[in-house]
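Visitor: I am sharing upload-v3.cif, which consists of mmCIF, C-alpha atoms:
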data_upload
#
loop_
_atom_site.label_atom_id
_atom_site.label_comp_id
_atom_site.auth_asym_id
_atom_site.auth_seq_id
_atom_site.Cartn_x
_atom_site.Cartn_y
_atom_site.Cartn_z
CA LEU X 19 -68.62 -60.27 125.64
CA SER X 20 -69.77 -63.24 127.76
CA ILE X 21 -68.79 -66.89 127.92
CA ASP X 22 -69.84 -69.88 130.04
CA LEU X 23 -67.12 -71.82 131.85
CA SER X 24 -67.08 -75.35 133.24
CA LEU X 25 -65.30 -75.30 136.61
CA GLU X 26 -65.19 -79.00 137.45
CA SER X 27 -61.54 -79.55 136.45
CA LEU X 28 -60.50 -76.29 138.10
CA MET X 29 -62.14 -77.26 141.38
CA GLU X 30 -60.55 -80.70 141.26
CA LEU X 31 -57.13 -79.08 140.80
CA ARG X 32 -57.80 -76.71 143.70
CA SER X 33 -58.71 -79.59 145.97
CA SER X 34 -55.61 -81.52 144.92
CA LEU X 35 -53.26 -78.55 145.46
CA ASN X 36 -54.70 -77.64 148.86
CA SER X 37 -54.52 -81.25 150.05
CA THR X 38 -50.78 -81.32 149.37
CA MET X 39 -50.06 -78.13 151.33
CA LYS X 40 -49.71 -77.90 155.09
CA LEU X 41 -52.30 -75.23 155.85
CA ASP X 42 -52.80 -73.69 159.27
CA GLU X 43 -56.22 -72.89 160.71
CA ASN X 44 -56.23 -69.34 159.31
CA ASP X 45 -55.05 -70.29 155.82
CA GLY X 46 -57.85 -71.23 153.43
CA GLY X 47 -55.36 -72.25 150.79
CA ILE X 48 -55.73 -71.51 147.12
CA SER X 49 -59.24 -70.31 146.23
CA VAL X 50 -61.22 -70.66 143.02
CA ASN X 51 -60.80 -66.91 142.56
CA ASP X 52 -57.00 -67.28 142.80
CA LEU X 53 -57.07 -69.87 140.02
CA LEU X 54 -59.33 -67.69 137.88
CA MET X 55 -56.94 -64.75 138.36
CA LYS X 56 -54.03 -66.94 137.25
CA ALA X 57 -56.08 -68.07 134.23
CA ALA X 58 -56.69 -64.42 133.31
CA ALA X 59 -52.97 -63.72 133.49
CA ALA X 60 -52.22 -66.80 131.36
CA ALA X 61 -54.76 -65.63 128.77
CA MET X 62 -52.85 -62.33 128.56
CA LYS X 63 -49.77 -64.29 127.50
CA THR X 64 -51.81 -65.93 124.72
CA VAL X 65 -53.44 -62.64 123.64
CA PRO X 66 -51.00 -59.89 124.74
CA ALA X 67 -52.93 -57.20 122.83
CA ALA X 68 -55.51 -57.25 125.64
CA ASN X 69 -52.91 -56.33 128.26
CA ALA X 70 -52.68 -52.75 127.03
CA SER X 71 -53.71 -49.14 127.60
CA TRP X 72 -54.94 -46.25 125.48
CA MET X 73 -52.41 -43.41 125.83
CA GLU X 74 -54.16 -40.78 123.65
CA ASN X 75 -51.59 -40.84 120.82
CA PHE X 76 -50.54 -44.49 120.99
CA ILE X 77 -51.36 -47.88 122.51
CA ARG X 78 -49.06 -49.20 125.21
CA VAL X 79 -48.78 -53.00 125.52
CA TYR X 80 -47.45 -54.28 128.84
CA ASP X 81 -45.19 -57.24 129.50
CA SER X 82 -46.17 -57.65 133.14
CA VAL X 83 -49.77 -58.57 134.03
CA ASP X 84 -50.76 -56.48 137.07
CA ILE X 85 -54.32 -57.29 138.10
CA ASN X 86 -56.55 -55.05 140.22
CA VAL X 87 -58.70 -57.50 142.20
CA VAL X 88 -61.85 -55.97 143.66
CA VAL X 89 -62.33 -56.76 147.36
CA GLY X 90 -64.75 -55.22 149.82
CA ASN X 91 -65.72 -55.01 153.48
CA GLY X 92 -69.44 -54.50 152.91
CA SER X 93 -69.45 -50.72 152.97
CA SER X 94 -66.57 -49.94 150.63
CA LEU X 95 -64.89 -51.59 147.70
CA TYR X 96 -61.18 -51.47 146.94
CA ALA X 97 -59.12 -52.82 144.07
CA PRO X 98 -55.56 -53.52 145.25
CA VAL X 99 -53.15 -54.51 142.50
CA ILE X 100 -51.61 -58.00 142.41
CA ARG X 101 -48.29 -57.56 140.65
CA ASP X 102 -46.82 -59.79 137.92
CA ALA X 103 -49.58 -62.41 138.09
CA GLY X 104 -48.37 -64.11 134.93
CA ARG X 105 -44.91 -65.07 136.20
CA ARG X 106 -45.62 -65.79 139.87
CA GLY X 107 -46.91 -69.01 141.38
CA LEU X 108 -50.43 -69.66 142.58
CA LYS X 109 -49.54 -69.71 146.29
CA ALA X 110 -47.75 -66.35 146.05
CA LEU X 111 -50.78 -64.80 144.33
CA SER X 112 -53.12 -66.38 146.87
CA ASP X 113 -51.07 -64.95 149.76
CA ASP X 114 -51.18 -61.46 148.20
CA VAL X 115 -54.97 -61.59 147.82
CA ALA X 116 -55.37 -62.88 151.38
CA ALA X 117 -53.16 -60.05 152.68
CA ALA X 118 -55.19 -57.46 150.77
CA THR X 119 -58.45 -58.89 152.09
CA ALA X 120 -57.08 -58.82 155.63
CA VAL X 121 -56.28 -55.11 155.24
CA VAL X 122 -59.83 -54.36 154.08
CA GLU X 123 -61.31 -56.37 156.96
CA GLY X 124 -58.96 -54.73 159.46
CA GLU X 125 -59.66 -52.35 162.28
CA GLU X 126 -62.70 -50.10 161.97
CA GLY X 127 -61.72 -46.61 160.92
CA SER X 128 -58.51 -47.69 159.20
CA ASP X 129 -57.93 -46.49 155.64
CA PRO X 130 -56.79 -49.25 153.24
CA THR X 131 -55.87 -46.64 150.63
CA THR X 132 -52.83 -45.74 152.75
CA VAL X 133 -51.44 -49.26 152.25
CA PRO X 134 -48.98 -49.71 149.32
CA GLY X 135 -50.73 -51.20 146.29
CA PHE X 136 -54.26 -50.11 147.16
CA GLY X 137 -54.13 -46.87 145.19
CA ASP X 138 -52.23 -48.27 142.22
CA VAL X 139 -53.69 -48.97 138.79
CA GLY X 140 -52.64 -52.22 137.15
CA THR X 141 -53.09 -53.39 133.58
CA PHE X 142 -56.37 -55.31 134.06
CA THR X 143 -59.25 -55.48 136.54
CA MET X 144 -61.15 -58.53 137.79
CA VAL X 145 -64.28 -58.50 139.96
CA ASN X 146 -66.13 -61.54 141.29
CA LEU X 147 -69.81 -60.91 142.04
CA GLY X 148 -70.71 -64.53 142.70
CA MET X 149 -71.08 -64.03 146.45
CA PHE X 150 -74.04 -61.75 145.72
CA GLY X 151 -75.76 -64.35 143.54
CA VAL X 152 -75.16 -62.29 140.38
CA LYS X 153 -75.04 -64.47 137.27
CA SER X 154 -73.34 -61.94 134.98
CA ALA X 155 -72.42 -58.25 134.83
CA ALA X 156 -70.75 -55.83 132.42
CA PRO X 157 -67.94 -54.21 134.44
CA ILE X 158 -66.87 -50.60 134.02
CA ILE X 159 -63.34 -50.30 132.65
CA ARG X 160 -60.86 -48.47 134.85
CA GLU X 161 -58.82 -46.04 132.76
CA PRO X 162 -56.28 -46.31 131.29
CA GLN X 163 -56.86 -50.08 131.24
CA ALA X 164 -58.37 -51.65 128.13
CA CYS X 165 -60.30 -54.53 129.71
CA ALA X 166 -62.20 -55.55 132.83
CA LEU X 167 -63.54 -59.01 133.70
CA ALA X 168 -66.63 -59.78 135.80
CA LEU X 169 -67.25 -63.27 137.18
CA GLY X 170 -70.68 -64.54 138.14
CA VAL X 171 -72.03 -67.06 140.62
CA ILE X 172 -70.83 -70.68 140.60
CA GLU X 173 -73.86 -72.90 140.07
CA ASN X 174 -74.93 -76.33 138.90
CA ARG X 175 -76.49 -76.25 135.43
CA ILE X 176 -77.94 -78.83 133.10
CA VAL X 177 -75.88 -78.82 129.91
CA PRO X 178 -75.58 -81.07 126.82
CA SER X 179 -73.44 -84.12 127.54
CA ASP X 180 -70.11 -84.31 125.69
CA ASP X 181 -69.67 -88.02 126.46
CA ALA X 182 -70.20 -89.91 123.21
CA GLU X 183 -70.55 -93.22 125.06
CA SER X 184 -73.20 -91.99 127.48
CA GLU X 185 -76.88 -92.70 126.90
CA GLU X 186 -77.80 -89.45 128.59
CA ILE X 187 -77.97 -86.41 126.30
CA TYR X 188 -77.71 -83.98 129.25
CA LYS X 189 -75.55 -83.81 132.35
CA GLU X 190 -75.17 -81.63 135.44
CA SER X 191 -72.08 -79.44 135.45
CA VAL X 192 -70.56 -76.78 137.73
CA MET X 193 -70.63 -73.59 135.65
CA MET X 194 -69.88 -69.87 135.78
CA THR X 195 -70.47 -66.98 133.37
CA ALA X 196 -67.60 -64.56 132.69
CA THR X 197 -68.11 -61.18 131.00
CA LEU X 198 -65.32 -59.08 129.48
CA SER X 199 -65.71 -55.33 128.89
CA CYS X 200 -63.32 -53.85 126.31
CA ASP X 201 -62.19 -50.38 125.31
CA HIS X 202 -62.63 -50.68 121.54
CA ARG X 203 -59.94 -48.09 120.89
CA VAL X 204 -57.52 -50.79 122.08
CA VAL X 205 -59.31 -54.15 122.06
CA ASP X 206 -62.01 -54.77 119.46
CA GLY X 207 -64.59 -57.55 119.57
CA ALA X 208 -62.39 -60.05 117.72
CA VAL X 209 -59.44 -59.64 120.08
CA GLY X 210 -61.78 -59.72 123.08
CA ALA X 211 -63.30 -62.97 121.81
CA GLN X 212 -59.82 -64.46 121.36
CA TRP X 213 -58.95 -63.51 124.92
CA LEU X 214 -62.13 -65.06 126.32
CA SER X 215 -61.46 -68.24 124.32
CA ALA X 216 -57.94 -68.42 125.78
CA PHE X 217 -59.31 -67.76 129.29
CA LYS X 218 -61.88 -70.53 128.89
CA ASN X 219 -59.17 -72.94 127.71
CA HIS X 220 -57.03 -72.26 130.77
CA VAL X 221 -60.01 -72.53 133.15
CA GLU X 222 -61.23 -75.81 131.68
CA ASN X 223 -57.70 -77.24 131.30
CA PRO X 224 -56.21 -75.85 134.52
CA VAL X 225 -53.05 -77.96 134.44
CA THR X 226 -51.80 -75.29 132.01
CA LEU X 227 -51.72 -72.87 134.96
CA LEU X 228 -48.91 -74.91 136.51
CA LEU X 229 -46.60 -74.70 133.50
#
Take the structure I supplied and represent it as structure tokens, if you would.
Guide:
Amino acid sequence: LSIDLSLESLMELRSSLNSTMKLDENDGGISVNDLLMKAAAAAMKTVPAANASWMENFIRVYDSVDINVVVGNGSSLYAPVIRDAGRRGLKALSDDVAAATAVVEGEEGSDPTTVPGFGDVGTFTMVNLGMFGVKSAAPIIREPQACALALGVIENRIVPSDDAESEEIYKESVMMTATLSCDHRVVDGAVGAQWLSAFKNHVENPVTLLL
């Protein structure tokens, strides 16, 4: 299942949040990916049936949203788990992702899988392929998870204008395509569509991520 997202409000919020924080030279602040991860966790609260696993004889629904975020150092990819993304603040999540990335980009020959959290399986996986110029992708679900989300490149697109007072019928907007893969034993197309709708709402109305 795929959906197009407008990122203009999200990027404005990111700029506003980072401008209020005292960041050192090595701290890039909250990233767009951090905000998208928080939006995914918020969507799980709206549609909790997606935060679940197939356990052969039953379906287990989780209260905590633990997200495996795919990071890589060019030769290898890892998916460390970011714990309890739904309840924790954006800066705490951002710091966890930055720490995981630093481990992957660490000394040559080091093994990130020996670090706590790198070998764990969460309740959901998110991978951002935008840095490779990929517009969309159907991610492979990591068992026993029920869903995986792939994010495409951020780009300017010409879209229909939603301003009733404007004379222009089209406008330029900052957009991204998100694709959700679902294990239909747990999450069918209707539930997956509800989750994507909730995700889109949080992305395009990002003030909800601060509540």
Visitor: CA of Asn36 (chain X) and CA of Glu222 (chain X) are how many Å apart?
Guide: 18.5 Å
Visitor: Within 9 Å of (-52.8, -61.7, 133.2), in the coordinates the file gives, what residues turn up when you count all atoms listed in the file, written out as a PyMOL selection string?
Guide: chain X and resi 55-63+66+69+82-85+102-104+141-142
Visitor: Could you write out as a VMD selection string the residues that the PyMOL selection byres ((chain X and resi 192-194) around 8) matches in the shown file?
Guide: chain X and resid 22 to 26 153 169 to 175 190 to 191 195 to 196
Visitor: Quick one: which residues end up in the PyMOL selection byres ((chain X and resi 115-121) around 10) for this structure, as a PDB file with C-alpha atoms, keeping the file's coordinate frame?
Guide:
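The new file result-v7.pdb reads:
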ATOM      1  CA  ASP X  45     -55.050 -70.290 155.820  1.00  0.00           C
ATOM      2  CA  GLY X  46     -57.850 -71.230 153.430  1.00  0.00           C
ATOM      3  CA  GLY X  47     -55.360 -72.250 150.790  1.00  0.00           C
ATOM      4  CA  ILE X  48     -55.730 -71.510 147.120  1.00  0.00           C
ATOM      5  CA  SER X  49     -59.240 -70.310 146.230  1.00  0.00           C
ATOM      6  CA  ASN X  51     -60.800 -66.910 142.560  1.00  0.00           C
ATOM      7  CA  ASP X  52     -57.000 -67.280 142.800  1.00  0.00           C
ATOM      8  CA  VAL X  87     -58.700 -57.500 142.200  1.00  0.00           C
ATOM      9  CA  VAL X  88     -61.850 -55.970 143.660  1.00  0.00           C
ATOM     10  CA  VAL X  89     -62.330 -56.760 147.360  1.00  0.00           C
ATOM     11  CA  GLY X  90     -64.750 -55.220 149.820  1.00  0.00           C
ATOM     12  CA  ASN X  91     -65.720 -55.010 153.480  1.00  0.00           C
ATOM     13  CA  TYR X  96     -61.180 -51.470 146.940  1.00  0.00           C
ATOM     14  CA  ALA X  97     -59.120 -52.820 144.070  1.00  0.00           C
ATOM     15  CA  PRO X  98     -55.560 -53.520 145.250  1.00  0.00           C
ATOM     16  CA  VAL X  99     -53.150 -54.510 142.500  1.00  0.00           C
ATOM     17  CA  ILE X 100     -51.610 -58.000 142.410  1.00  0.00           C
ATOM     18  CA  LYS X 109     -49.540 -69.710 146.290  1.00  0.00           C
ATOM     19  CA  ALA X 110     -47.750 -66.350 146.050  1.00  0.00           C
ATOM     20  CA  LEU X 111     -50.780 -64.800 144.330  1.00  0.00           C
ATOM     21  CA  SER X 112     -53.120 -66.380 146.870  1.00  0.00           C
ATOM     22  CA  ASP X 113     -51.070 -64.950 149.760  1.00  0.00           C
ATOM     23  CA  ASP X 114     -51.180 -61.460 148.200  1.00  0.00           C
ATOM     24  CA  VAL X 122     -59.830 -54.360 154.080  1.00  0.00           C
ATOM     25  CA  GLU X 123     -61.310 -56.370 156.960  1.00  0.00           C
ATOM     26  CA  GLY X 124     -58.960 -54.730 159.460  1.00  0.00           C
ATOM     27  CA  GLU X 125     -59.660 -52.350 162.280  1.00  0.00           C
ATOM     28  CA  SER X 128     -58.510 -47.690 159.200  1.00  0.00           C
ATOM     29  CA  ASP X 129     -57.930 -46.490 155.640  1.00  0.00           C
ATOM     30  CA  PRO X 130     -56.790 -49.250 153.240  1.00  0.00           C
ATOM     31  CA  THR X 131     -55.870 -46.640 150.630  1.00  0.00           C
ATOM     32  CA  VAL X 133     -51.440 -49.260 152.250  1.00  0.00           C
ATOM     33  CA  GLY X 135     -50.730 -51.200 146.290  1.00  0.00           C
ATOM     34  CA  PHE X 136     -54.260 -50.110 147.160  1.00  0.00           C
TER      35      PHE X 136
END
Visitor: Can you spell out as a PyMOL selection string the set of residues that the PyMOL selection byres ((chain X and resi 221) around 7) selects in the structure I just provided?
Guide: chain X and resi 25+28+54+57+217-220+222-224
Visitor: For the point (-63.9, -61.3, 121.8) in the file's frame, write as a list of chain:residue names all residues with an atom no more than 12 Å away, counting only C-alpha atoms.
Guide: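 Here the neighbourhood of the point contains X:Leu19, X:Ser20, X:Ile21, X:Val65, X:Ala67, X:Ala68, X:Cys165, X:Ala196, X:Thr197, X:Leu198, X:Ser199, X:Cys200, X:Asp201, X:His202, X:Val205, X:Asp206, X:Gly207, X:Ala208, X:Val209, X:Gly210, X:Ala211, X:Gln212, X:Trp213, X:Leu214, X:Ser215, X:Ala216, X:Phe217, X:Lys218.
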Visitor: Ranking X:Asn146, X:Thr64, X:Ser37, X:Asn75 by minimum distance to Leu95 (chain X) and counting all atoms listed in the file, which one comes first?
Guide: X:Asn146
Visitor: Interatomic distance between CA of Leu31 (chain X) and CA of Leu108 (chain X)?
Guide: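 Atom-to-atom, CA of Leu31 (chain X) and CA of Leu108 (chain X) are spaced 11.7 Å apart.
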Visitor: One decimal, in Å: what's the spacing between CA of Val204 (chain X) and CA of Ala164 (chain X)?
Guide: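 Interatomic distance here is 6.2 Å.
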Visitor: Give the centre and edge lengths of an axis-aligned box, in Å to one decimal, that holds all listed atoms of region 111-115 of chain X with 4 Å on each side, as AutoDock Vina command-line options.
Guide:
--center_x -52.9 --center_y -63.9 --center_z 147.0 --size_x 12.2 --size_y 12.9 --size_z 13.4
Visitor: Which residue is closest to Leu53 (chain X)? Choose from X:Met29, X:Met39, X:Ala155, X:Ala70 and count all atoms listed in the file.
Guide: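 The answer is X:Met29, which sits nearest to Leu53 (chain X).
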Visitor: Here is a test: counting only C-alpha atoms, which residue of X:Ser154, X:Ser179, X:Asn86, X:Ser184 is nearest to Gly140 (chain X)?
Guide: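 Closest residue, counting only C-alpha atoms: X:Asn86.
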Visitor: Using all atoms listed in the file, find the one residue out of X:Arg106, X:Arg203, X:Arg101, X:Arg32 that sits nearest to Phe76 (chain X).
Guide: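 Closest residue, counting all atoms listed in the file: X:Arg203.
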Visitor: Env of Pro162 (chain X): 8 Å cut, atoms = only C-alpha atoms, seq-sep filter 2 positions within chain, self excluded. Answer as a VMD selection string.
Guide: chain X and resid 71 to 73 160 164
Visitor: Which residue gives the smallest distance to Leu228 (chain X) among X:Ile187, X:Leu41, X:Arg105, X:Val145, with all atoms listed in the file counted?
Guide: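 Among X:Ile187, X:Leu41, X:Arg105, X:Val145, it is X:Arg105 that comes nearest to Leu228 (chain X).
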